[in-house]
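S.K.: I am attaching a structure below and will ask some questions about it afterwards.
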Amino acid sequence: MSHIPQDLKYTRSHEWVKQIGDGIAEIGISDHAQHSLGDLVFVELPDIGRALSAGESCAVVESVKAASDIYAPLAGTVVAVNDQLRHTPELINRDPYGGGWLVRLRPEGAGSDAGLLSAIEYRAVADEG
Amino acid sequence: MVDFGGWDMPVAYGSQIEEHHAVRRAAGVFDISHMGIVDLRGERCRELLRGLLANDVARLNLPGKALYSCMLNQQGGVLDDLIVYYLDEDFFRVVVNAGAREKDLAWIGARAADCGVTLRERRDLAMLAIQGPQARERSAALLTAEAAWAVLELQPFFGAQIGEWFVARTGYTGEDGFEIMLPTGEAASVWRRLNAAGVRSCGLGARDTLRLEAGMNLYGNDMNEQTSPLESGLAWTVAFDPPDRDFTGRAALEAIRARGAEYKQVGLVLNERAVLRSHQRVLVPDIGEGEVTSGTFSPTLERSIGLARVPVATGQSVQVEVRGRAMPARVVRVPFVRHGKALISLV
């Protein structure tokens, strides 16, 4: 069974969101998602400063098996991307909730994570496949 | 786990890429029991197979010798690709793809009766492929001294019955190794003993990246009933000589030869950070279009490679539509990798 940390928020499309302070939200993909994709080999990340709306495709992760779009879980501006992934995409497989983070956003407006899933709600999504 | 020709098979036991490297650098074992093993018996086996297969079993003169061949329909399309072993004048063994098994049995069966040849599918046998530079030694270590001697003496593309096992020096990875057919009841314990001997468990995912690096076709992807071997990189497996051997599909292939094939198979290397996948469109400026038939990320070359069917006039460079973008790709001669070494230049 895949690992789903209690303190994060999730989406139905398998992204996670972590509040890391100063109002910044960090985004990555769940353990369930990295396991389904298999070994990751390429990651395409957005430009810093890009404004994203919620649900907009903002990155692509590509494994030996398949390419998968990553959708912004909330609206905001990209303030940082994980450059290490350009050369070591396998960090996502090894440490999906830590070293494998993808994008940091400054969310637009308050309470913008209202539509996100709790760990318990996401468990049900992950169990469906 | 994925469904593969009706079998539940693991894509990977752990990391697919590490499984791939294990085979290139040491040894890995694959459960390929999904392959169909069919024994043909009868005095006219050779005659039957000379009419059924595009390659010529007349080339099989030494007991145990194996031959790779396509089996064609009347239109010259590929019904299946298979390996045939010559064991005795009245005993040949054929190994076919899981997905084509029933079709093949019906096709061969319909013609076997006329030659008095009987078919027996060997569902009682499992099949393990042990592949890699260390594969032969580590497999032999499981055997008695006498049996080990016999399997280590096997020449490439030969098989031999050793006790209850049929061991062949064949494979689908571009590395040395064995494919072993053995009673199903023994397979699990042999697998565990191989693991204990340092042979890594490998799934379908690594099997696909290894065969593609080795430039080997996958039935259903790189050729099918609508494509001829001449347009699928398999012309080398068609024996037009002797000219009077009338095999199924011969007339259609000769017609293609006479008018010139429209397509050819090529290898592609992508330098961009993206992955070639089957069915992507290949654009050949001023000439036409083709299609990627197999694509993947090559763990050995650390970039994407693929096989494509393209117009015969295609030169050294093409573009491939990947995720809505036309990306330049280089046309190369396959294999990409053999015996652990890159065979193409990486510029």
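Numbering starts fresh at 1 for the residues of each chain in the structure tokens, the chains themselves are lettered A, B, ... in the order given, and ligands are numbered from 1 as they appear.
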Hey, what's within 7 Å of A:Leu40 if we count only C-alpha atoms and toss same-chain stuff fewer than 6 positions away? As number ranges by chain, please?

M.R.: A: 62-64, 89-90, 93

S.K.: Could those residues be written to a file, using N, CA and C atoms, as a short mmCIF file (atom, residue, chain, number, x, y, z; two decimals), in the first residue's frame?

M.R.:
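Output (part.cif):
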```cif
data_model
loop_
_atom_site.label_atom_id
_atom_site.label_comp_id
_atom_site.auth_asym_id
_atom_site.auth_seq_id
_atom_site.Cartn_x
_atom_site.Cartn_y
_atom_site.Cartn_z
N GLU A 62 7.78 12.15 -17.23
CA GLU A 62 7.77 11.06 -18.21
C GLU A 62 8.55 9.89 -17.64
N SER A 63 7.90 8.72 -17.65
CA SER A 63 8.57 7.51 -17.18
C SER A 63 8.88 6.63 -18.38
N VAL A 64 9.54 5.51 -18.13
CA VAL A 64 9.79 4.56 -19.21
C VAL A 64 8.45 4.17 -19.85
N PRO A 89 15.75 12.68 -12.24
CA PRO A 89 14.28 12.54 -12.11
C PRO A 89 13.90 11.40 -11.17
N GLU A 90 14.84 10.46 -10.95
CA GLU A 90 14.52 9.33 -10.08
C GLU A 90 14.31 9.74 -8.62
N ASN A 93 10.86 9.02 -7.69
CA ASN A 93 10.61 7.64 -7.27
C ASN A 93 11.11 7.38 -5.86
#
```

S.K.: Contacts from chain A to chain B, 9 Å maximum, only C-alpha atoms: show me the residue list as a ChimeraX atom specification.

M.R.: /A:38-39,41-44,62-67

S.K.: Would you export the selected residues with N, CA and C atoms as a PDB file, in the first residue's frame, please?

M.R.:
```
ATOM      1  N   GLY A  38       6.142   4.207 -12.647  1.00  0.00           N
ATOM      2  CA  GLY A  38       7.411   3.477 -12.767  1.00  0.00           C
ATOM      3  C   GLY A  38       8.569   4.447 -12.868  1.00  0.00           C
ATOM      4  N   ASP A  39       9.734   3.932 -13.248  1.00  0.00           N
ATOM      5  CA  ASP A  39      10.957   4.742 -13.275  1.00  0.00           C
ATOM      6  C   ASP A  39      10.798   6.016 -14.092  1.00  0.00           C
ATOM      7  N   VAL A  41      12.099   9.282 -16.088  1.00  0.00           N
ATOM      8  CA  VAL A  41      13.322   9.530 -16.858  1.00  0.00           C
ATOM      9  C   VAL A  41      13.466  10.985 -17.310  1.00  0.00           C
ATOM     10  N   PHE A  42      12.363  11.701 -17.472  1.00  0.00           N
ATOM     11  CA  PHE A  42      12.434  13.113 -17.858  1.00  0.00           C
ATOM     12  C   PHE A  42      11.369  13.905 -17.107  1.00  0.00           C
ATOM     13  N   VAL A  43      11.704  15.153 -16.789  1.00  0.00           N
ATOM     14  CA  VAL A  43      10.737  16.038 -16.149  1.00  0.00           C
ATOM     15  C   VAL A  43      10.805  17.392 -16.858  1.00  0.00           C
ATOM     16  N   GLU A  44       9.641  17.933 -17.219  1.00  0.00           N
ATOM     17  CA  GLU A  44       9.567  19.259 -17.835  1.00  0.00           C
ATOM     18  C   GLU A  44       8.921  20.185 -16.823  1.00  0.00           C
ATOM     19  N   GLU A  62       7.780  12.154 -17.231  1.00  0.00           N
ATOM     20  CA  GLU A  62       7.766  11.062 -18.206  1.00  0.00           C
ATOM     21  C   GLU A  62       8.547   9.887 -17.641  1.00  0.00           C
ATOM     22  N   SER A  63       7.900   8.722 -17.653  1.00  0.00           N
ATOM     23  CA  SER A  63       8.567   7.507 -17.179  1.00  0.00           C
ATOM     24  C   SER A  63       8.880   6.626 -18.382  1.00  0.00           C
ATOM     25  N   VAL A  64       9.536   5.506 -18.129  1.00  0.00           N
ATOM     26  CA  VAL A  64       9.787   4.558 -19.215  1.00  0.00           C
ATOM     27  C   VAL A  64       8.453   4.170 -19.852  1.00  0.00           C
ATOM     28  N   LYS A  65       7.413   4.074 -19.025  1.00  0.00           N
ATOM     29  CA  LYS A  65       6.101   3.623 -19.504  1.00  0.00           C
ATOM     30  C   LYS A  65       5.278   4.697 -20.188  1.00  0.00           C
ATOM     31  N   ALA A  66       5.215   5.909 -19.610  1.00  0.00           N
ATOM     32  CA  ALA A  66       4.229   6.885 -20.094  1.00  0.00           C
ATOM     33  C   ALA A  66       4.600   8.306 -19.697  1.00  0.00           C
ATOM     34  N   ALA A  67       4.039   9.269 -20.443  1.00  0.00           N
ATOM     35  CA  ALA A  67       4.172  10.674 -20.081  1.00  0.00           C
ATOM     36  C   ALA A  67       2.897  11.095 -19.370  1.00  0.00           C
TER      37      ALA A  67
END
```

S.K.: State, in Å with one decimal place, the distance from atom CA of B:His20 to atom CA of B:Arg325.

M.R.: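 Distance between the two atoms: 29.0 Å.
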
S.K.: Pick out each residue of chain A that DSSP on the backbone tags as helix (DSSP H, G or I); I need them as an MDAnalysis selection string.

M.R.: chainID A and resid 31:37 83:86 91:94 119:128

S.K.: Contacts of B:Ala235 at 10 Å or less, counting only C-alpha atoms, minus same-chain residues fewer than 3 places along, as a list in words?

M.R.: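 So the residues in contact are Ala54, Asn55, Cys70, Ser228, Pro229, Leu230, Glu231, Ser232, Val238, Ala239, Phe240, Leu253 and Lys264 of chain B.
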
S.K.: Include N, CA and C atoms and write out the residues we just selected as a tab-separated table (two decimals), in the first residue's frame.

M.R.:
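For reference, part-v5.tsv as written:
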```tsv
chain	number	residue	atom	x	y	z
B	54	ALA	N	8.63	-18.57	-43.69
B	54	ALA	CA	9.34	-17.75	-44.68
B	54	ALA	C	10.85	-18.03	-44.66
B	55	ASN	N	11.38	-18.45	-43.51
B	55	ASN	CA	12.76	-18.90	-43.46
B	55	ASN	C	12.75	-20.40	-43.75
B	70	CYS	N	9.48	-15.85	-39.70
B	70	CYS	CA	8.11	-15.37	-39.74
B	70	CYS	C	7.25	-16.46	-40.36
B	228	SER	N	4.44	-6.70	-44.28
B	228	SER	CA	5.29	-7.81	-44.72
B	228	SER	C	6.63	-7.73	-44.00
B	229	PRO	N	7.35	-8.85	-43.92
B	229	PRO	CA	8.68	-8.81	-43.30
B	229	PRO	C	9.63	-7.89	-44.06
B	230	LEU	N	9.38	-7.69	-45.36
B	230	LEU	CA	10.28	-6.85	-46.16
B	230	LEU	C	10.20	-5.38	-45.74
B	231	GLU	N	9.07	-4.99	-45.14
B	231	GLU	CA	8.90	-3.60	-44.70
B	231	GLU	C	9.01	-3.47	-43.19
B	232	SER	N	9.43	-4.55	-42.52
B	232	SER	CA	9.48	-4.56	-41.06
B	232	SER	C	10.87	-4.89	-40.53
B	238	VAL	N	13.86	-13.96	-44.54
B	238	VAL	CA	13.10	-14.59	-45.62
B	238	VAL	C	14.08	-15.29	-46.56
B	239	ALA	N	13.89	-16.59	-46.75
B	239	ALA	CA	14.77	-17.36	-47.63
B	239	ALA	C	14.11	-17.50	-48.99
B	240	PHE	N	14.52	-16.66	-49.95
B	240	PHE	CA	13.98	-16.77	-51.32
B	240	PHE	C	14.66	-17.91	-52.08
B	253	LEU	N	5.28	-11.70	-51.47
B	253	LEU	CA	6.58	-11.04	-51.21
B	253	LEU	C	7.33	-10.78	-52.52
B	264	LYS	N	10.27	1.06	-45.19
B	264	LYS	CA	11.36	0.29	-44.58
B	264	LYS	C	11.34	0.55	-43.09
```

S.K.: As a tab-separated table (two decimals) with C-alpha atoms, in the first residue's frame, please: every residue in stretch 73-113 of chain A that DSSP puts in strand (DSSP E or B).

M.R.:
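The result, written out as part-v4.tsv:
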```
chain	number	residue	atom	x	y	z
A	76	GLY	CA	-0.74	31.01	-8.14
A	77	THR	CA	2.62	32.16	-9.41
A	78	VAL	CA	5.61	29.84	-9.80
A	79	VAL	CA	8.36	30.99	-7.40
A	80	ALA	CA	10.71	27.98	-7.66
A	81	VAL	CA	11.14	24.69	-9.49
A	103	VAL	CA	7.10	23.29	-8.14
A	104	ARG	CA	6.66	25.99	-5.45
A	105	LEU	CA	3.79	28.43	-5.86
A	106	ARG	CA	2.71	31.65	-4.22
A	107	PRO	CA	-1.03	30.97	-4.16
```

S.K.: B:Ala106: which residues within 12 Å, counting only C-alpha atoms, same-chain residues fewer than 4 positions away excluded, as a list in words?

M.R.: Val38, Leu79, Ala100, Arg101, Glu102, Ala110, Arg111, Ala112, Ala113, Leu119 and Glu121 of chain B

S.K.: Would you mind reading off the distance between atom CA of A:Tyr10 and atom CA of A:Ala75, one decimal, in Å?

M.R.: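 Interatomic distance here is 14.5 Å.
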
S.K.: Do you have the atom CA of B:Arg245-atom CA of B:Gly51 distance handy?

M.R.: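 The value is 7.5 Å.
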
S.K.: If you count only C-alpha atoms, which residues fall within 8 Å of stretch 279-282 of chain B, apart from same-chain ones fewer than 2 positions away, as number ranges by chain?

M.R.: B: 276-277, 284, 289-294, 308, 310, 318-322

S.K.: Could you save the residues just selected, with N, CA and C atoms, as a PDB file, in the first residue's frame?

M.R.:
```
ATOM      1  N   LEU B 276      10.082   8.524 -27.312  1.00  0.00           N
ATOM      2  CA  LEU B 276       9.355   7.995 -28.469  1.00  0.00           C
ATOM      3  C   LEU B 276       8.401   6.910 -27.979  1.00  0.00           C
ATOM      4  N   ARG B 277       7.192   6.904 -28.566  1.00  0.00           N
ATOM      5  CA  ARG B 277       6.191   5.893 -28.205  1.00  0.00           C
ATOM      6  C   ARG B 277       5.572   5.378 -29.495  1.00  0.00           C
ATOM      7  N   VAL B 284       8.790  13.048 -42.682  1.00  0.00           N
ATOM      8  CA  VAL B 284      10.000  13.013 -43.501  1.00  0.00           C
ATOM      9  C   VAL B 284       9.867  14.117 -44.543  1.00  0.00           C
ATOM     10  N   GLU B 289       5.375  10.407 -44.796  1.00  0.00           N
ATOM     11  CA  GLU B 289       5.180  10.188 -43.378  1.00  0.00           C
ATOM     12  C   GLU B 289       5.358   8.730 -43.022  1.00  0.00           C
ATOM     13  N   GLY B 290       5.730   8.495 -41.792  1.00  0.00           N
ATOM     14  CA  GLY B 290       5.807   7.134 -41.282  1.00  0.00           C
ATOM     15  C   GLY B 290       5.264   7.091 -39.875  1.00  0.00           C
ATOM     16  N   GLU B 291       5.581   6.024 -39.162  1.00  0.00           N
ATOM     17  CA  GLU B 291       5.036   5.855 -37.817  1.00  0.00           C
ATOM     18  C   GLU B 291       6.046   5.140 -36.930  1.00  0.00           C
ATOM     19  N   VAL B 292       6.152   5.598 -35.687  1.00  0.00           N
ATOM     20  CA  VAL B 292       6.957   4.883 -34.697  1.00  0.00           C
ATOM     21  C   VAL B 292       6.212   3.594 -34.364  1.00  0.00           C
ATOM     22  N   THR B 293       6.884   2.449 -34.456  1.00  0.00           N
ATOM     23  CA  THR B 293       6.220   1.181 -34.149  1.00  0.00           C
ATOM     24  C   THR B 293       6.538   0.707 -32.732  1.00  0.00           C
ATOM     25  N   SER B 294       7.718   1.081 -32.216  1.00  0.00           N
ATOM     26  CA  SER B 294       8.081   0.820 -30.821  1.00  0.00           C
ATOM     27  C   SER B 294       8.956   1.970 -30.372  1.00  0.00           C
ATOM     28  N   ALA B 308      10.845   2.569 -36.372  1.00  0.00           N
ATOM     29  CA  ALA B 308       9.783   3.243 -37.115  1.00  0.00           C
ATOM     30  C   ALA B 308       9.680   2.655 -38.505  1.00  0.00           C
ATOM     31  N   VAL B 310       9.044   3.831 -42.169  1.00  0.00           N
ATOM     32  CA  VAL B 310       9.119   5.110 -42.898  1.00  0.00           C
ATOM     33  C   VAL B 310       9.222   4.845 -44.395  1.00  0.00           C
ATOM     34  N   VAL B 318      14.776  12.843 -39.550  1.00  0.00           N
ATOM     35  CA  VAL B 318      13.316  12.938 -39.633  1.00  0.00           C
ATOM     36  C   VAL B 318      12.843  13.764 -38.438  1.00  0.00           C
ATOM     37  N   GLN B 319      11.548  14.019 -38.410  1.00  0.00           N
ATOM     38  CA  GLN B 319      10.957  14.631 -37.222  1.00  0.00           C
ATOM     39  C   GLN B 319       9.875  13.708 -36.702  1.00  0.00           C
ATOM     40  N   VAL B 320       9.733  13.686 -35.386  1.00  0.00           N
ATOM     41  CA  VAL B 320       8.689  12.865 -34.785  1.00  0.00           C
ATOM     42  C   VAL B 320       7.779  13.774 -33.971  1.00  0.00           C
ATOM     43  N   GLU B 321       6.475  13.567 -34.114  1.00  0.00           N
ATOM     44  CA  GLU B 321       5.516  14.342 -33.330  1.00  0.00           C
ATOM     45  C   GLU B 321       5.380  13.742 -31.951  1.00  0.00           C
ATOM     46  N   VAL B 322       5.961  14.431 -30.968  1.00  0.00           N
ATOM     47  CA  VAL B 322       5.918  13.960 -29.591  1.00  0.00           C
ATOM     48  C   VAL B 322       5.143  14.987 -28.777  1.00  0.00           C
TER      49      VAL B 322
END
```

S.K.: Write out as JSON, numbers by chain each polymer residue whose atoms come within 12 Å of B:Ala196, counting only C-alpha atoms; drop sequence neighbours fewer than 3 positions from it.

M.R.: {"B": [27, 28, 29, 138, 139, 141, 142, 189, 190, 191, 192, 193, 199, 200, 201]}

S.K.: Next, dump the selected residues to file, keeping only C-alpha atoms, as a PDB file, in the first residue's frame.

M.R.:
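out10.pdb written:
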```pdb
ATOM      1  CA  ALA B  27      22.359 -11.544 -15.099  1.00  0.00           C
ATOM      2  CA  GLY B  28      18.580 -11.440 -14.876  1.00  0.00           C
ATOM      3  CA  VAL B  29      15.780 -13.997 -15.113  1.00  0.00           C
ATOM      4  CA  ARG B 138      25.221 -18.689 -12.881  1.00  0.00           C
ATOM      5  CA  SER B 139      22.662 -21.015 -14.481  1.00  0.00           C
ATOM      6  CA  ALA B 141      26.025 -23.532 -11.172  1.00  0.00           C
ATOM      7  CA  LEU B 142      22.561 -24.930 -10.381  1.00  0.00           C
ATOM      8  CA  SER B 189      12.244 -23.315  -6.934  1.00  0.00           C
ATOM      9  CA  VAL B 190      14.634 -22.810  -9.865  1.00  0.00           C
ATOM     10  CA  TRP B 191      13.689 -19.106  -9.861  1.00  0.00           C
ATOM     11  CA  ARG B 192      14.547 -18.810  -6.159  1.00  0.00           C
ATOM     12  CA  ARG B 193      17.835 -20.647  -6.638  1.00  0.00           C
ATOM     13  CA  VAL B 199      20.374 -13.532 -10.905  1.00  0.00           C
ATOM     14  CA  ARG B 200      17.901 -10.665 -10.621  1.00  0.00           C
ATOM     15  CA  SER B 201      14.155 -11.058 -11.188  1.00  0.00           C
TER      16      SER B 201
END
```

S.K.: Can you tell me, as a VMD selection string, what residues are no more than 7 Å from A:Asp69 when counting only C-alpha atoms, ignoring any on the same chain fewer than 6 positions away?

M.R.: chain A and resid 57 59 to 61

S.K.: Can you work out which one of B:Gly132, B:Gly177, B:Gly233, B:Pro63 has the shortest atom-to-atom distance to B:Phe158, counting only C-alpha atoms?

M.R.: B:Pro63
